[in-house]
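What follows is a single structure, written as structure tokens, with notes after it.
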Amino acid sequence: MEYSMDFNDKNLSKFGDSLVNFIFSLALSEYLGHPSAERVPNASLSIALEKARLLSYVPPRTDKHGRGDIAEAILAYAWLERKITIEEAVDILKQNFTPDVLHPSRKKEVIGNAFGELLKMVKERLGL
């Protein structure tokens with residue numbers, strides 16, 4: 001099946017929200033050595049878009065929630081198009097986590113950096 005590369009598609013971003021949080025929870029659980037269910041802050045996904053130099057896909061004056069939706073849509077599209085696997089995504093996140101991944105004031109940046117590395121790979125594989 002072929003999917004539309006419309007990163008403003010609300011259904012794609014909703015699916016991406018579930019996928020991103022699932023991947024993050026898996027990676028965090030493996031990193032910590034015990035089950036952990038956490039959500040990815042939109043601020044982190046906004047940071048990730050900047051790190052991956054994907055802001056050209058973000059309409060002007062889009063807030064961090066809208067940026068988060070676009071990052072989620074990009075990751076969902078990449079997975080649906082078989083450009084990345086869950087296992088690869090989990091490994092990339094784990095490799096880029098630091099002990100501050102759960103720190104109240106530093107976790108957004110740590111998570112953003114990890115997802116930035118994931119988005120860089122996705123960007124390359126999608127030819128964005």
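Ordering of the structure tokens sets the chain letters (A, B, ...), residue numbers begin anew at 1 in every chain, and ligands are numbered from 1 in the order given.
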
Legend entry - Test item, alpha helix (DSSP H) assignment across chain A, answer as number ranges by chain: A: 10-32, 42-51, 64-80, 86-96, 107-126

message: If we count only C-alpha atoms and set the cut-off at 9 Å, which residues sit around A:Phe24, ignoring sequence neighbours fewer than 5 positions away in its own chain? Please answer as a list in words.
response: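 Those residues are Leu19, Ser29, Ala37, Glu38, Arg39, Val40, Ala89, Val90, Leu93, Lys94 and Ile111 of chain A.
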
TODO: Just the residues within 10 Å of stretch 56-59 of chain A, please, counting only C-alpha atoms, with nothing from its chain fewer than 5 positions along; format it as an MDAnalysis selection string.
DONE: chainID A and resid 6:8 46 49:50 66:71 74 128

Could those residues be written to a file, using N, CA and C atoms, as a PDB file, in the first residue's frame?
```pdb
ATOM      1  N   ASP A   6       1.795  13.535   3.135  1.00  0.00           N
ATOM      2  CA  ASP A   6       1.238  14.793   3.631  1.00  0.00           C
ATOM      3  C   ASP A   6       1.426  14.816   5.148  1.00  0.00           C
ATOM      4  N   PHE A   7       2.470  15.523   5.590  1.00  0.00           N
ATOM      5  CA  PHE A   7       2.801  15.520   7.007  1.00  0.00           C
ATOM      6  C   PHE A   7       1.868  16.407   7.831  1.00  0.00           C
ATOM      7  N   ASN A   8       0.890  17.032   7.178  1.00  0.00           N
ATOM      8  CA  ASN A   8      -0.135  17.793   7.892  1.00  0.00           C
ATOM      9  C   ASN A   8      -1.419  16.986   8.042  1.00  0.00           C
ATOM     10  N   SER A  46       9.594  19.020  18.805  1.00  0.00           N
ATOM     11  CA  SER A  46       9.942  20.288  18.171  1.00  0.00           C
ATOM     12  C   SER A  46      11.462  20.435  18.095  1.00  0.00           C
ATOM     13  N   LEU A  49      12.822  18.118  15.365  1.00  0.00           N
ATOM     14  CA  LEU A  49      12.681  18.655  14.003  1.00  0.00           C
ATOM     15  C   LEU A  49      13.806  19.639  13.689  1.00  0.00           C
ATOM     16  N   GLU A  50      14.145  20.475  14.670  1.00  0.00           N
ATOM     17  CA  GLU A  50      15.237  21.431  14.486  1.00  0.00           C
ATOM     18  C   GLU A  50      16.565  20.703  14.296  1.00  0.00           C
ATOM     19  N   GLY A  66       1.768  21.694  17.087  1.00  0.00           N
ATOM     20  CA  GLY A  66       1.707  21.454  15.639  1.00  0.00           C
ATOM     21  C   GLY A  66       3.000  20.861  15.113  1.00  0.00           C
ATOM     22  N   ARG A  67       4.115  21.334  15.657  1.00  0.00           N
ATOM     23  CA  ARG A  67       5.418  20.761  15.257  1.00  0.00           C
ATOM     24  C   ARG A  67       5.504  19.300  15.679  1.00  0.00           C
ATOM     25  N   GLY A  68       4.997  19.008  16.878  1.00  0.00           N
ATOM     26  CA  GLY A  68       4.982  17.622  17.351  1.00  0.00           C
ATOM     27  C   GLY A  68       4.170  16.732  16.428  1.00  0.00           C
ATOM     28  N   ASP A  69       3.018  17.245  15.998  1.00  0.00           N
ATOM     29  CA  ASP A  69       2.172  16.486  15.069  1.00  0.00           C
ATOM     30  C   ASP A  69       2.910  16.178  13.768  1.00  0.00           C
ATOM     31  N   ILE A  70       3.659  17.144  13.264  1.00  0.00           N
ATOM     32  CA  ILE A  70       4.390  16.938  12.008  1.00  0.00           C
ATOM     33  C   ILE A  70       5.502  15.904  12.197  1.00  0.00           C
ATOM     34  N   ALA A  71       6.226  15.986  13.301  1.00  0.00           N
ATOM     35  CA  ALA A  71       7.275  14.991  13.581  1.00  0.00           C
ATOM     36  C   ALA A  71       6.658  13.598  13.684  1.00  0.00           C
ATOM     37  N   ILE A  74       5.768  12.354  10.201  1.00  0.00           N
ATOM     38  CA  ILE A  74       6.958  11.938   9.445  1.00  0.00           C
ATOM     39  C   ILE A  74       7.396  10.542   9.881  1.00  0.00           C
ATOM     40  N   LEU A 128      14.249  13.364   2.087  1.00  0.00           N
ATOM     41  CA  LEU A 128      13.661  14.690   2.367  1.00  0.00           C
ATOM     42  C   LEU A 128      14.713  15.779   2.354  1.00  0.00           C
TER      43      LEU A 128
END
```

Of A:Leu126, A:Ala43, A:Ile86, A:Leu26, the one nearest to A:Arg106 when counting only C-alpha atoms is A:Ala43

* Asked: When distances are computed from only C-alpha atoms, which of A:Asn42, A:Thr62, A:Asn96, A:Asn11 shows the smallest separation from A:Val110?
  ->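 Of A:Asn42, A:Thr62, A:Asn96, A:Asn11, the one nearest A:Val110, counting only C-alpha atoms, is A:Asn96.
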
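Between atom CA of A:Pro99 and atom CA of A:Gly33 there is a distance of 12.9 Å.
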
Any idea what's packed within 8 Å of stretch 114-122 of chain A, counting only C-alpha atoms, ignoring anything in its chain fewer than 6 positions away? Could you give it as a CSV table (one decimal) with C-alpha atoms, in the first residue's frame?
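And here's selection.csv as it stands now:
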```csv
chain,number,residue,atom,x,y,z
A,44,SER,CA,11.0,17.4,22.5
A,45,LEU,CA,9.6,16.6,19.1
A,47,ILE,CA,13.6,20.1,19.2
A,48,ALA,CA,14.0,16.9,17.2
A,49,LEU,CA,12.7,18.7,14.0
A,50,GLU,CA,15.2,21.4,14.5
A,51,LYS,CA,18.1,19.0,15.1
A,52,ALA,CA,17.2,17.0,11.9
A,53,ARG,CA,16.8,20.2,9.9
A,75,LEU,CA,7.9,9.0,11.7
A,78,ALA,CA,8.5,6.3,7.4
A,83,LYS,CA,11.8,2.9,5.7
A,84,ILE,CA,12.4,2.2,9.4
A,89,ALA,CA,14.0,3.2,16.1
A,92,ILE,CA,18.6,4.7,17.9
A,93,LEU,CA,16.8,6.3,20.9
A,94,LYS,CA,18.5,4.1,23.4
A,95,GLN,CA,21.9,4.9,22.0
A,96,ASN,CA,21.2,8.6,22.4
A,97,PHE,CA,19.6,8.6,25.9
```

Practice task
Can you work out which one of A:Glu87, A:Arg61, A:Arg82, A:Tyr3 has the shortest atom-to-atom distance to A:Phe22, counting only C-alpha atoms?
Solution key: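 Checking each of A:Glu87, A:Arg61, A:Arg82, A:Tyr3 against A:Phe22, counting only C-alpha atoms, the winner is A:Glu87.
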
**Message:** Just want the 8 Å neighbourhood of A:Tyr77, counted on only C-alpha atoms, with same-chain residues fewer than 4 positions away dropped. Output as a ChimeraX atom specification.
**Reply:** /A:3,5,12,16,73,81

For the residues in that selection, give me N, CA and C atoms as an mmCIF file, in the first residue's frame.
```
data_model
loop_
_atom_site.group_PDB
_atom_site.id
_atom_site.type_symbol
_atom_site.label_atom_id
_atom_site.label_comp_id
_atom_site.auth_asym_id
_atom_site.auth_seq_id
_atom_site.Cartn_x
_atom_site.Cartn_y
_atom_site.Cartn_z
ATOM 1 N N TYR A 3 1.206 5.317 0.798
ATOM 2 C CA TYR A 3 0.610 6.354 1.638
ATOM 3 C C TYR A 3 1.021 7.724 1.137
ATOM 4 N N MET A 5 2.458 11.428 1.376
ATOM 5 C CA MET A 5 3.497 12.078 2.181
ATOM 6 C C MET A 5 3.019 13.473 2.597
ATOM 7 N N LEU A 12 -2.593 10.730 9.979
ATOM 8 C CA LEU A 12 -1.209 10.264 10.009
ATOM 9 C C LEU A 12 -0.533 10.699 11.310
ATOM 10 N N GLY A 16 0.850 8.451 14.245
ATOM 11 C CA GLY A 16 2.224 8.721 14.636
ATOM 12 C C GLY A 16 2.367 8.964 16.128
ATOM 13 N N ALA A 73 3.895 12.571 12.279
ATOM 14 C CA ALA A 73 3.460 12.159 10.942
ATOM 15 C C ALA A 73 4.640 11.673 10.099
ATOM 16 N N GLU A 81 5.873 3.137 5.288
ATOM 17 C CA GLU A 81 6.554 2.904 4.010
ATOM 18 C C GLU A 81 7.743 1.940 4.157
#
```
